[in-house]
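One file, data.tsv, carrying TSV, C-alpha atoms:
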chain	number	residue	atom	x	y	z
D	196	SER	CA	145.10	118.74	236.22
D	197	GLY	CA	146.88	119.77	239.40
D	198	LEU	CA	144.62	117.74	241.70
D	199	ASP	CA	145.51	115.00	244.12
D	200	SER	CA	143.96	111.56	243.70
D	201	SER	CA	141.26	112.15	246.33
D	202	ALA	CA	140.12	115.45	244.83
D	203	ALA	CA	140.15	113.98	241.32
D	204	GLU	CA	138.05	111.02	242.47
D	205	ASN	CA	135.45	113.27	244.10
D	206	ILE	CA	135.23	115.56	241.07
D	207	MET	CA	134.86	112.62	238.69
D	208	SER	CA	132.19	111.12	240.93
D	209	HIS	CA	130.24	114.36	240.73
D	210	LEU	CA	130.66	114.49	236.95
D	211	GLY	CA	129.41	110.91	236.78
D	212	SER	CA	126.25	111.84	238.68
D	213	LEU	CA	125.70	114.71	236.24
D	214	ALA	CA	126.08	112.31	233.30
D	215	ARG	CA	123.60	109.86	234.78
D	216	SER	CA	121.08	112.67	235.24
D	217	GLY	CA	120.93	113.20	231.47
D	218	ARG	CA	123.74	115.69	230.83
D	219	THR	CA	126.56	115.05	228.38
D	220	VAL	CA	129.98	115.10	230.06
D	221	ILE	CA	133.21	115.04	228.01
D	222	CYS	CA	136.43	115.53	229.92
D	223	THR	CA	140.16	114.86	229.82
D	224	ILE	CA	142.17	113.82	232.84
D	225	HIS	CA	145.91	113.43	233.37
D	226	GLN	CA	146.96	110.01	234.70
D	227	PRO	CA	143.67	108.98	236.31
D	228	PRO	CA	144.00	106.61	239.28
D	229	SER	CA	142.47	103.17	239.08
D	230	GLU	CA	139.48	104.25	241.22
D	231	VAL	CA	138.64	106.97	238.73
D	232	TRP	CA	139.20	104.63	235.78
D	233	GLU	CA	136.52	102.29	237.08
D	234	ASP	CA	133.96	105.13	236.94
D	235	PHE	CA	134.51	105.79	233.23
D	236	ASP	CA	131.64	104.77	230.94
D	237	LYS	CA	133.34	105.21	227.58
D	238	PHE	CA	136.98	105.46	226.67
D	239	CYS	CA	138.65	106.92	223.59
D	240	LEU	CA	142.35	106.27	222.98
D	241	LEU	CA	144.06	108.45	220.37
D	242	SER	CA	147.62	108.39	219.09
D	243	GLN	CA	148.96	110.65	216.35
D	244	GLY	CA	145.37	111.57	215.48
D	245	LYS	CA	144.40	107.91	215.00
D	246	CYS	CA	141.65	106.26	217.02
D	247	LEU	CA	142.98	103.07	218.60
D	248	TYR	CA	139.89	102.35	220.67
D	249	PHE	CA	136.49	103.87	221.34
D	250	GLY	CA	133.92	102.03	223.37
D	251	GLU	CA	133.12	100.83	226.86
D	252	ALA	CA	135.97	101.42	229.27
D	253	GLY	CA	135.38	98.12	231.05
D	254	LYS	CA	136.04	96.14	227.87
D	255	ALA	CA	139.23	97.98	226.87
D	256	VAL	CA	141.57	95.64	228.77
D	257	ASP	CA	140.16	92.54	227.10
D	258	TYR	CA	140.17	94.25	223.70
D	259	PHE	CA	143.88	95.06	223.81
D	260	ALA	CA	144.69	91.67	225.36
D	261	ALA	CA	143.10	89.98	222.36
D	262	ARG	CA	145.48	91.94	220.13
D	263	GLY	CA	148.63	91.00	222.01
D	264	TYR	CA	148.81	93.81	224.56
D	265	GLN	CA	147.89	92.29	227.90
D	266	CYS	CA	147.70	94.75	230.77
D	267	PRO	CA	149.88	93.40	233.61
D	268	ALA	CA	148.22	92.44	236.86
D	269	TYR	CA	147.95	95.14	239.56
D	270	THR	CA	148.61	97.82	236.93
D	271	ASN	CA	146.41	100.84	236.36
D	272	PRO	CA	144.85	100.36	232.88
D	273	ALA	CA	144.97	104.10	232.23
D	274	ASP	CA	148.75	104.21	232.76
D	275	TYR	CA	149.21	101.12	230.59
D	276	PHE	CA	147.17	102.56	227.72
D	277	LEU	CA	149.12	105.82	227.91
D	278	ARG	CA	152.37	103.89	227.52
D	279	LEU	CA	150.95	102.04	224.53
D	280	SER	CA	149.84	105.18	222.71
D	281	ASN	CA	152.74	107.53	223.56
D	282	THR	CA	155.04	107.36	220.55
D	283	ASP	CA	157.53	109.87	221.97
D	284	PHE	CA	159.33	107.12	223.87
D	285	GLU	CA	160.28	103.50	223.34
D	286	GLY	CA	157.98	100.70	224.40
D	287	HIS	CA	154.88	101.97	222.66
D	288	ALA	CA	152.55	99.75	220.68
D	289	ASP	CA	152.29	99.39	216.91
D	290	VAL	CA	149.94	102.32	216.44
D	291	ASP	CA	149.21	101.68	212.78
D	292	ARG	CA	148.30	98.04	213.40
D	293	LEU	CA	145.99	98.92	216.30
D	294	TRP	CA	144.39	101.68	214.24
D	295	GLN	CA	143.71	99.33	211.32
D	296	ALA	CA	142.45	96.63	213.68
D	297	PHE	CA	139.96	98.98	215.32
D	298	GLY	CA	138.75	100.19	211.93
D	299	GLN	CA	137.72	96.61	211.09
D	300	THR	CA	135.67	96.10	214.25
D	301	PRO	CA	131.91	96.79	214.28
D	302	GLN	CA	132.50	99.74	216.60
D	303	GLY	CA	135.10	101.18	214.22
D	304	VAL	CA	132.90	100.73	211.15
D	305	ALA	CA	129.96	102.36	212.92
D	306	LEU	CA	132.16	105.24	214.06
D	307	GLN	CA	133.46	105.84	210.53
D	308	GLY	CA	129.89	105.87	209.24
D	309	GLU	CA	128.79	108.42	211.82
D	310	LEU	CA	131.78	110.65	211.07
D	311	SER	CA	131.18	110.47	207.34
D	312	THR	CA	127.52	111.40	207.81
D	313	SER	CA	128.27	114.30	210.13
D	314	MET	CA	130.94	115.70	207.77
D	315	GLN	CA	128.64	115.85	204.76
D	316	PRO	CA	127.74	119.44	203.75
D	317	GLN	CA	124.28	120.50	204.81
D	318	ALA	CA	121.90	121.93	202.25
D	319	PRO	CA	120.97	125.59	202.82
D	320	PRO	CA	117.48	126.15	204.27
D	321	ARG	CA	114.71	126.84	201.78
D	322	VAL	CA	112.97	130.16	201.67
D	323	GLY	CA	109.80	129.96	203.69
D	324	ALA	CA	110.93	126.78	205.48
D	325	THR	CA	110.25	126.16	209.13
D	326	SER	CA	112.44	128.14	211.53
D	327	SER	CA	115.64	126.31	212.48
D	328	TYR	CA	115.74	127.87	215.94
D	329	ARG	CA	115.25	125.32	218.66
D	330	ASN	CA	113.33	127.59	221.07
D	331	ASN	CA	110.51	130.01	220.52
D	332	LEU	CA	110.69	133.72	221.30
D	333	PHE	CA	109.00	133.49	224.70
D	334	SER	CA	111.19	130.69	226.05
D	335	GLN	CA	114.33	132.50	224.86
D	336	LEU	CA	113.25	135.73	226.59
D	337	VAL	CA	112.50	133.85	229.82
D	338	THR	CA	115.86	132.04	229.78
D	339	LEU	CA	117.90	135.14	228.96
D	340	SER	CA	116.02	137.23	231.55
D	341	HIS	CA	116.65	134.59	234.21
D	342	ARG	CA	120.34	134.55	233.33
D	343	ALA	CA	120.51	138.37	233.50
D	344	PHE	CA	118.85	138.38	236.93
D	345	MET	CA	121.27	135.70	238.13
D	346	ASN	CA	124.23	137.78	236.93
D	347	ASN	CA	122.88	140.80	238.80
D	348	ALA	CA	122.39	138.72	241.94
D	349	ARG	CA	125.96	137.44	241.75
D	350	ASN	CA	127.33	140.98	241.22
D	351	PRO	CA	125.32	143.13	243.65
D	352	GLY	CA	127.89	145.94	243.65
D	353	ILE	CA	127.58	146.55	239.91
D	354	PHE	CA	123.79	146.34	240.11
D	355	LEU	CA	123.74	148.88	242.98
D	356	ILE	CA	125.93	151.30	241.02
D	357	ARG	CA	123.61	151.07	238.03
D	358	LEU	CA	120.59	151.64	240.28
D	359	ILE	CA	122.14	154.76	241.83
D	360	MET	CA	123.10	156.11	238.41
D	361	TYR	CA	119.59	155.73	237.02
D	362	PHE	CA	118.00	157.20	240.14
D	363	GLY	CA	120.38	160.13	239.86
D	364	LEU	CA	119.41	160.59	236.21
D	365	GLY	CA	115.74	160.57	237.14
D	366	PHE	CA	116.24	163.22	239.85
D	367	MET	CA	118.34	165.40	237.54
D	368	VAL	CA	115.73	165.29	234.78
D	369	GLY	CA	112.96	165.93	237.29
D	370	PHE	CA	114.67	169.00	238.73
D	371	MET	CA	115.24	170.30	235.22
D	372	PHE	CA	111.51	170.07	234.56
D	373	TRP	CA	110.78	171.67	237.92
D	374	ASP	CA	109.27	175.14	237.59
D	375	LEU	CA	110.16	175.34	233.93
D	376	GLY	CA	107.10	177.47	233.31
D	377	SER	CA	104.20	177.26	230.93
D	378	LYS	CA	105.01	180.23	228.75
D	379	TYR	CA	105.66	179.85	225.08
D	380	ASP	CA	108.21	182.52	224.53
D	381	ALA	CA	111.64	181.97	223.01
D	382	SER	CA	113.43	181.28	226.32
D	383	ASP	CA	111.00	178.52	227.34
D	384	ILE	CA	111.25	176.85	223.93
D	385	VAL	CA	115.06	176.90	224.06
D	386	SER	CA	114.98	175.48	227.60
D	387	ARG	CA	112.78	172.59	226.55
D	388	VAL	CA	114.87	171.85	223.46
D	389	SER	CA	118.03	171.88	225.57
D	390	LEU	CA	116.40	169.53	228.06
D	391	LEU	CA	115.41	167.02	225.37
D	392	PHE	CA	118.89	167.13	223.87
D	393	TYR	CA	120.47	166.56	227.30
D	394	VAL	CA	118.21	163.60	228.10
D	395	ALA	CA	118.85	161.95	224.72
D	396	ALA	CA	122.62	162.48	224.97
D	397	PHE	CA	122.78	161.25	228.56
D	398	LEU	CA	120.87	158.05	227.71
D	399	VAL	CA	123.36	157.37	224.91
D	400	PHE	CA	126.29	157.85	227.29
D	401	MET	CA	124.65	155.55	229.84
D	402	SER	CA	124.25	152.82	227.22
D	403	VAL	CA	128.02	152.84	226.61
D	404	ALA	CA	128.47	151.40	230.12
D	405	VAL	CA	126.92	148.14	228.86
D	406	LEU	CA	129.69	147.54	226.30
D	407	PRO	CA	132.22	145.94	228.72
D	408	PHE	CA	129.62	143.42	229.88
D	409	PHE	CA	128.64	142.61	226.31
D	410	ILE	CA	132.29	142.03	225.41
D	411	GLN	CA	132.60	139.61	228.35
D	412	GLU	CA	129.57	137.60	227.17
D	413	ARG	CA	130.33	137.90	223.46
D	414	HIS	CA	131.71	134.37	223.19
D	415	VAL	CA	128.55	133.00	224.85
D	416	PHE	CA	126.36	134.94	222.44
D	417	LEU	CA	128.29	133.73	219.38
D	418	ARG	CA	128.15	130.11	220.56
D	419	GLU	CA	124.42	130.22	221.25
D	420	ARG	CA	123.68	131.95	217.96
D	421	SER	CA	125.75	129.47	215.93
D	422	ASN	CA	123.92	126.59	217.63
D	423	GLY	CA	120.54	128.10	216.77
D	424	TRP	CA	119.54	128.75	220.37
D	425	ASP	CA	118.60	132.41	219.94
D	426	ARG	CA	118.10	134.89	217.13
D	427	GLY	CA	120.09	137.79	218.58
D	428	GLY	CA	117.24	140.23	219.11
D	429	GLU	CA	116.33	138.59	222.40
D	430	ASP	CA	119.70	139.60	223.87
D	431	VAL	CA	118.98	143.22	222.98
D	432	LEU	CA	115.59	143.06	224.67
Now that the file is in, can you turn its structure into structure tokens?
Amino acid sequence: SGLDSSAAENIMSHLGSLARSGRTVICTIHQPPSEVWEDFDKFCLLSQGKCLYFGEAGKAVDYFAARGYQCPAYTNPADYFLRLSNTDFEGHADVDRLWQAFGQTPQGVALQGELSTSMQPQAPPRVGATSSYRNNLFSQLVTLSHRAFMNNARNPGIFLIRLIMYFGLGFMVGFMFWDLGSKYDASDIVSRVSLLFYVAAFLVFMSVAVLPFFIQERHVFLRERSNGWDRGGEDVL
């Protein structure tokens, strides 16, 4: 959205190369030009929540032509299909008839079967069953550590501030231990207890600085956990 035809064509070409490399690409585009339409592999046309077509984009023109909706010559198929499915204005197609017609095709029957299978409730895992997580502990730690290092590399200022803060904490604790003495009278015991309390309290205060970054990545954590990609403890480590 908001791109000219040249920029949209280049972006879609890049997305196509990503799809051909094995990645799944699902996108929406507003009024794609004919050059971009030719790069589409699959095409899904929806109207009022009803699927009018889902299949190869190159066969969509012939499919609708066989049902009485011939795309005019020298017309962008994407624009023509938008006019057919847009029921807000006059000139749209008979949506119910197209929906019923697609449901009777082999593609429609197969699609309904896949949807029915995916919507069936899953049985809860048995006690003692094999772990449902897709990655083991080591691979999750490696992936999350690599992502943390990449975030630090992309935000060097924040990483430098953290480094200075921890170095400052180390120097402060070291100077507190400096020449504390080796006596075991009441003053030395109180000094050591105060030092331990200060170190523990300061570490707790330092950990609070992590909360804003966790809040920023909370949606990523929830998505990965719901998909079974990590257990949650790896993020803490």
Discussion item. Rounded to one decimal, what separation in Å do you get between CA of Leu241 (chain D) and CA of Leu277 (chain D)?
Written reply: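 Distance reported for this atom pair: 9.5 Å.
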Item to complete: Work out how far CA of Met360 (chain D) is from CA of Gln411 (chain D), in Å to one decimal.
Response: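 CA of Gln411 (chain D) sits 21.5 Å away from CA of Met360 (chain D).
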Discussion item. Would you pick out the contacts of Gln243 (chain D) at 10 Å or less, using all atoms listed in the file, so that residues sharing its chain but fewer than 6 positions from it are not included, and give the list as a list in words?
Written reply: Ser280, Asn281, Thr282, Val290 and Asp291 of chain D
Worksheet item: Mind pulling up the distance from CA of Gly369 (chain D) to CA of Ser382 (chain D)?
Response: 18.9 Å
